[in-house]
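Q: Sharing work-v5.pdb (PDB, C-alpha atoms) below.
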```
ATOM      1  CA  MET A   1      85.222 101.481 131.483
ATOM      2  CA  SER A   2      88.603 100.811 133.116
ATOM      3  CA  GLN A   3      91.570 102.921 132.099
ATOM      4  CA  LEU A   4      93.305  99.892 130.550
ATOM      5  CA  LYS A   5      90.248  98.964 128.502
ATOM      6  CA  GLU A   6      89.880 102.581 127.422
ATOM      7  CA  LEU A   7      93.533 102.627 126.304
ATOM      8  CA  LEU A   8      93.136  99.335 124.431
ATOM      9  CA  THR A   9      89.972 100.566 122.737
ATOM     10  CA  LYS A  10      91.750 103.781 121.719
ATOM     11  CA  GLU A  11      94.683 101.797 120.274
ATOM     12  CA  MET A  12      92.337  99.541 118.338
ATOM     13  CA  SER A  13      90.342 102.549 117.048
ATOM     14  CA  ASP A  14      93.586 104.060 115.805
ATOM     15  CA  LEU A  15      94.525 100.763 114.122
ATOM     16  CA  LEU A  16      91.106 100.461 112.500
ATOM     17  CA  ASP A  17      91.549 103.839 110.823
ATOM     18  CA  ALA A  18      95.166 103.059 109.912
ATOM     19  CA  GLU A  19      94.198  99.782 108.231
ATOM     20  CA  THR A  20      91.285 101.437 106.433
ATOM     21  CA  GLN A  21      93.606 104.135 105.070
ATOM     22  CA  LEU A  22      96.053 101.453 103.988
ATOM     23  CA  THR A  23      93.389  99.607 101.966
ATOM     24  CA  GLU A  24      93.167 102.741  99.831
ATOM     25  CA  ALA A  25      96.949 103.253  99.540
ATOM     26  CA  LEU A  26      98.094  99.715  98.708
ATOM     27  CA  PRO A  27      96.496  99.560  95.225
ATOM     28  CA  LYS A  28      98.400 102.739  94.307
ATOM     29  CA  MET A  29     101.641 101.235  95.599
ATOM     30  CA  ALA A  30     101.017  98.026  93.650
ATOM     31  CA  GLN A  31     100.371  99.997  90.490
ATOM     32  CA  ALA A  32     103.569 102.018  90.959
ATOM     33  CA  ALA A  33     105.739  98.941  91.595
ATOM     34  CA  ASN A  34     107.967  97.887  88.706
ATOM     35  CA  HIS A  35     109.213  94.519  89.927
ATOM     36  CA  PRO A  36     106.598  91.742  89.657
ATOM     37  CA  LYS A  37     107.428  90.336  93.111
ATOM     38  CA  LEU A  38     106.924  93.752  94.718
ATOM     39  CA  LYS A  39     103.653  94.288  92.873
ATOM     40  CA  GLU A  40     102.501  90.834  94.010
ATOM     41  CA  ALA A  41     103.547  91.542  97.625
ATOM     42  CA  PHE A  42     101.494  94.750  97.694
ATOM     43  CA  GLU A  43      98.480  92.991  96.163
ATOM     44  CA  LYS A  44      98.747  90.127  98.677
ATOM     45  CA  HIS A  45      99.068  92.557 101.567
ATOM     46  CA  LEU A  46      95.969  94.427 100.390
ATOM     47  CA  VAL A  47      93.937  91.244 100.817
ATOM     48  CA  GLN A  48      95.528  90.711 104.250
ATOM     49  CA  THR A  49      94.829  94.314 105.239
ATOM     50  CA  GLN A  50      91.165  93.938 104.345
ATOM     51  CA  GLY A  51      91.198  90.924 106.652
ATOM     52  CA  HIS A  52      92.895  93.013 109.350
ATOM     53  CA  VAL A  53      89.990  95.465 109.258
ATOM     54  CA  GLU A  54      87.518  92.618 109.757
ATOM     55  CA  ARG A  55      89.658  91.046 112.475
ATOM     56  CA  LEU A  56      89.754  94.364 114.352
ATOM     57  CA  ARG A  57      85.961  94.566 114.152
ATOM     58  CA  THR A  58      85.792  91.069 115.651
ATOM     59  CA  ALA A  59      88.260  92.099 118.377
ATOM     60  CA  PHE A  60      85.990  95.032 119.271
ATOM     61  CA  GLN A  61      83.066  92.633 119.529
ATOM     62  CA  SER A  62      85.102  90.407 121.859
ATOM     63  CA  LEU A  63      85.426  93.455 124.118
ATOM     64  CA  GLY A  64      81.696  94.136 123.939
ATOM     65  CA  GLU A  65      82.419  97.435 122.170
ATOM     66  CA  GLU A  66      81.244  98.865 118.877
ATOM     67  CA  PRO A  67      84.054  99.221 116.326
ATOM     68  CA  GLU A  68      84.928 102.896 116.106
ATOM     69  CA  SER A  69      87.586 104.442 113.953
ATOM     70  CA  GLU A  70      89.715 107.247 115.378
ATOM     71  CA  SER A  71      91.707 109.341 112.920
ATOM     72  CA  CYS A  72      95.245 107.969 112.704
ATOM     73  CA  LYS A  73      97.484 110.920 111.894
ATOM     74  CA  ALA A  74     100.610 108.738 111.933
ATOM     75  CA  MET A  75      99.318 106.508 109.124
ATOM     76  CA  GLN A  76      98.150 109.558 107.225
ATOM     77  CA  GLY A  77     101.705 110.937 107.321
ATOM     78  CA  LEU A  78     103.273 107.596 106.370
ATOM     79  CA  ILE A  79     100.909 107.233 103.420
ATOM     80  CA  GLU A  80     101.744 110.777 102.313
ATOM     81  CA  GLU A  81     105.422 109.758 102.323
ATOM     82  CA  GLY A  82     104.505 106.732 100.206
ATOM     83  CA  GLU A  83     102.631 108.936  97.737
ATOM     84  CA  LYS A  84     105.663 111.201  97.523
ATOM     85  CA  SER A  85     107.822 108.142  96.757
ATOM     86  CA  ILE A  86     105.400 107.188  93.988
ATOM     87  CA  GLN A  87     105.532 110.682  92.466
ATOM     88  CA  GLU A  88     109.310 110.943  92.683
ATOM     89  CA  GLY A  89     109.698 107.378  91.388
ATOM     90  CA  SER A  90     108.405 108.307  87.958
ATOM     91  CA  GLY A  91     111.674 110.164  87.343
ATOM     92  CA  LYS A  92     113.945 107.405  88.658
ATOM     93  CA  GLU A  93     115.278 104.126  87.365
ATOM     94  CA  PRO A  94     112.790 101.320  88.173
ATOM     95  CA  LEU A  95     115.061  99.658  90.742
ATOM     96  CA  ALA A  96     115.574 102.904  92.661
ATOM     97  CA  ALA A  97     111.853 103.695  92.479
ATOM     98  CA  ASP A  98     110.975 100.239  93.833
ATOM     99  CA  LEU A  99     113.477 100.563  96.672
ATOM    100  CA  ALA A 100     111.924 103.908  97.649
ATOM    101  CA  LEU A 101     108.494 102.239  97.662
ATOM    102  CA  ILE A 102     109.826  99.422  99.839
ATOM    103  CA  SER A 103     111.265 101.966 102.270
ATOM    104  CA  ALA A 104     107.902 103.713 102.549
ATOM    105  CA  ALA A 105     106.083 100.384 102.949
ATOM    106  CA  GLN A 106     108.449  99.174 105.664
ATOM    107  CA  LYS A 107     107.919 102.374 107.643
ATOM    108  CA  ILE A 108     104.205 101.589 107.530
ATOM    109  CA  GLU A 109     104.807  97.981 108.585
ATOM    110  CA  HIS A 110     107.007  99.037 111.492
ATOM    111  CA  TYR A 111     104.317 101.437 112.720
ATOM    112  CA  GLU A 112     101.733  98.665 112.532
ATOM    113  CA  ILE A 113     104.031  96.164 114.279
ATOM    114  CA  ALA A 114     104.551  98.612 117.151
ATOM    115  CA  SER A 115     100.835  99.392 117.389
ATOM    116  CA  TYR A 116      99.641  95.786 117.265
ATOM    117  CA  GLY A 117     102.347  94.785 119.755
ATOM    118  CA  THR A 118     101.139  97.428 122.194
ATOM    119  CA  ALA A 119      97.471  96.515 121.765
ATOM    120  CA  ARG A 120      98.188  92.793 122.137
ATOM    121  CA  GLY A 121     100.213  93.474 125.295
ATOM    122  CA  LEU A 122      97.338  95.430 126.808
ATOM    123  CA  ALA A 123      94.848  92.697 125.933
ATOM    124  CA  ARG A 124      97.107  90.052 127.482
ATOM    125  CA  GLN A 125      97.558  92.074 130.677
ATOM    126  CA  MET A 126      93.787  92.353 130.978
ATOM    127  CA  GLY A 127      93.308  88.613 130.397
ATOM    128  CA  LEU A 128      91.360  89.203 127.178
ATOM    129  CA  ARG A 129      92.516  86.024 125.442
ATOM    130  CA  ASP A 130      90.228  86.213 122.394
ATOM    131  CA  CYS A 131      91.153  89.808 121.697
ATOM    132  CA  ALA A 132      94.866  89.115 122.263
ATOM    133  CA  ARG A 133      94.727  86.107 119.915
ATOM    134  CA  LEU A 134      93.145  88.186 117.139
ATOM    135  CA  LEU A 135      95.676  90.980 117.567
ATOM    136  CA  SER A 136      98.548  88.473 117.702
ATOM    137  CA  HIS A 137      97.428  86.892 114.426
ATOM    138  CA  THR A 138      97.517  90.259 112.666
ATOM    139  CA  LEU A 139     100.850  91.136 114.281
ATOM    140  CA  GLY A 140     102.323  87.970 112.777
ATOM    141  CA  GLU A 141     101.062  88.918 109.320
ATOM    142  CA  GLU A 142     102.543  92.413 109.645
ATOM    143  CA  GLU A 143     105.903  90.952 110.661
ATOM    144  CA  SER A 144     105.769  88.545 107.702
ATOM    145  CA  ALA A 145     104.987  91.411 105.313
ATOM    146  CA  ASP A 146     107.993  93.336 106.627
ATOM    147  CA  PHE A 147     110.218  90.266 106.224
ATOM    148  CA  LEU A 148     108.994  89.771 102.646
ATOM    149  CA  LEU A 149     109.746  93.400 101.756
ATOM    150  CA  THR A 150     113.300  92.925 103.034
ATOM    151  CA  ALA A 151     113.665  89.721 101.016
ATOM    152  CA  ILE A 152     112.500  91.547  97.884
ATOM    153  CA  SER A 153     114.754  94.558  98.488
ATOM    154  CA  ASP A 154     118.039  92.667  98.994
ATOM    155  CA  PRO A 155     118.511  91.554  95.360
ATOM    156  CA  LEU A 156     117.241  94.921  94.116
ATOM    157  CA  VAL A 157     119.945  96.683  96.149
ATOM    158  CA  GLN A 158     122.552  94.275  94.780
ATOM    159  CA  GLN A 159     121.383  94.832  91.198
ATOM    160  CA  LEU A 160     121.329  98.612  91.581
ATOM    161  CA  THR A 161     124.847  98.505  93.054
ATOM    162  CA  LEU A 162     126.060  96.464  90.075
ATOM    163  CA  ASP A 163     124.324  98.862  87.682
ATOM    164  CA  ASP A 164     125.928 101.865  89.370
ATOM    165  CA  MET A 165     129.315 100.168  88.974
ATOM    166  CA  GLY A 166     128.665  99.664  85.267
ATOM    167  CA  ALA A 167     128.400  95.868  85.406
ATOM    168  CA  ASP A 168     126.407  94.217  82.656
ATOM    169  CA  VAL A 169     124.857  91.436  84.741
ATOM    170  CA  ASN A 170     121.156  90.869  85.324
ATOM    171  CA  LEU A 171     120.834  89.055  88.663
ATOM    172  CA  ASP A 172     117.175  88.290  88.010
ATOM    173  CA  LYS A 173     117.968  86.224  84.945
ATOM    174  CA  GLY A 174     121.611  85.294  85.582
ATOM    175  CA  GLU A 175     122.721  86.664  82.229
ATOM    176  CA  ARG A 176     124.518  89.581  80.688
ATOM    177  CA  LYS A 177     122.441  92.631  79.940
ATOM    178  CA  GLN A 178     122.112  94.142  76.530
ATOM    179  CA  PRO A 179     123.933  97.472  76.779
ATOM    180  CA  THR A 180     122.055 100.654  75.953
ATOM    181  CA  SER A 181     123.606 103.886  74.807
ATOM    182  CA  ARG A 182     124.297 104.697  78.474
ATOM    183  CA  GLY A 183     125.590 101.211  79.273
ATOM    184  CA  ARG A 184     122.457 100.521  81.316
ATOM    185  CA  LYS A 185     119.078  99.096  80.589
ATOM    186  CA  SER A 186     116.497 101.658  79.647
ATOM    187  CA  LYS A 187     113.560 102.243  81.973
ATOM    188  CA  GLN A 188     111.318 100.380  79.552
ATOM    189  CA  GLU A 189     113.664  97.370  79.429
ATOM    190  CA  ARG A 190     113.895  97.205  83.229
ATOM    191  CA  GLY A 191     110.133  97.342  83.605
ATOM    192  CA  ALA A 192     109.895  94.301  81.348
ATOM    193  CA  ALA A 193     112.604  92.417  83.278
TER     194      ALA A 193
END
```
Translate the structure described by the file into structure tokens.
A:
Amino acid sequence: MSQLKELLTKEMSDLLDAETQLTEALPKMAQAANHPKLKEAFEKHLVQTQGHVERLRTAFQSLGEEPESESCKAMQGLIEEGEKSIQEGSGKEPLAADLALISAAQKIEHYEIASYGTARGLARQMGLRDCARLLSHTLGEEESADFLLTAISDPLVQQLTLDDMGADVNLDKGERKQPTSRGRKSKQERGAA
């Protein structure tokens, strides 16, 4: 096996383990999410991630190699950070907890974008069009997931800023909030919003 093919195979083995780990972490992130759009984004990305695993297996076949998973320590660490965000989020306001989840999820997406970009570049350099096409397709989905997380986080940041300033506006519904004893919505009220 050439050194380039060996490197590509190693990258793909790392990605296979990373995606497999992520299929176990995303349901927990979806369950911890308070905002319906964030919950939906995690659920949608779980389905995509399951497809990424299958697409990687197909990419291995295009190389004439058996799909092998190599332990991805980086994803393990990123998922541990996400689990910590979930645990700490139970003591935070829902908006702050969701923003922490988004931060953890975007770190994961950025790792995947870098990894798929590297693997696709190797496949292209080797002239492995089928493999490069498969990796490119997944790279596009990872970039879209990252973009969606940013789109979800922007209004959450704005709402949290308004809340911290004591404003009584709900950007989600375009109406005034019902003040609580603290002048903010309770955790229960925000979860319902």
Q: On this structure, the PyMOL selection byres ((chain A and resi 150-161) around 7) would catch which residues? List them as JSON, numbers by chain, sorted by chain and number.
A: {"A": [38, 95, 99, 146, 147, 148, 149, 162, 163, 164, 165, 171]}
Q: Which residue out of A:Glu40, A:Asp14, A:Glu142, A:Glu24 has the minimum interatomic distance to Ala119 in chain A when only C-alpha atoms are used?
A: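 Ranking A:Glu40, A:Asp14, A:Glu142, A:Glu24 by distance to Ala119 in chain A, first place goes to A:Asp14.
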Q: Let me make sure I understand: among A:Glu93, A:Lys73, A:Leu26, A:Gly51, which one has the smallest atom-to-atom distance to Lys39 in chain A if we use only C-alpha atoms?
A: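 Once distances to Lys39 in chain A are computed over only C-alpha atoms, the minimum belongs to A:Leu26.
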Q: Quick one: residues within 12 Å of Gly117 in chain A, all atoms listed in the file, excluding same-chain residues fewer than 2 positions away - as number ranges by chain?
A: A: 8, 11-12, 15, 109-115, 119-124, 132-140, 142-143
Q: Tell me which protein, DNA and RNA residues are within 6 Å of range 69-72 of chain A, counting only C-alpha atoms, leaving out same-chain ones fewer than 3 positions away, and put them as a PyMOL selection string.
A: chain A and resi 13-14+16-18+75
Q: Hey, can you check how far CA of Ser2 in chain A sits from CA of Ala74 in chain A?
A: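 Computing it gives 25.6 Å between the two atoms.
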Q: Which residues, named as in the file, does the PyMOL selection byres ((chain A and resi 104) around 12) pick out? Answer as an NGL selection string.
A: :A and (25-26 or 29 or 75 or 77-86 or 89 or 97-103 or 105-111 or 146 or 149)
Q: Calculate how many Å separate CA of Thr9 in chain A from CA of His52 in chain A, rounding to one decimal.
A: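 Taking CA of Thr9 in chain A and CA of His52 in chain A, their separation equals 15.6 Å.
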Q: Report the distance between CA of Leu128 in chain A and CA of Leu63 in chain A in Å, rounded to one decimal place.
A: 7.9 Å
Q: My list of candidates is A:Leu22, A:Ala59, A:Pro94, A:Gln76. Which is closest to Asp130 in chain A when distances are computed with only C-alpha atoms?
A: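 For Asp130 in chain A, the nearest of the candidates is A:Ala59.
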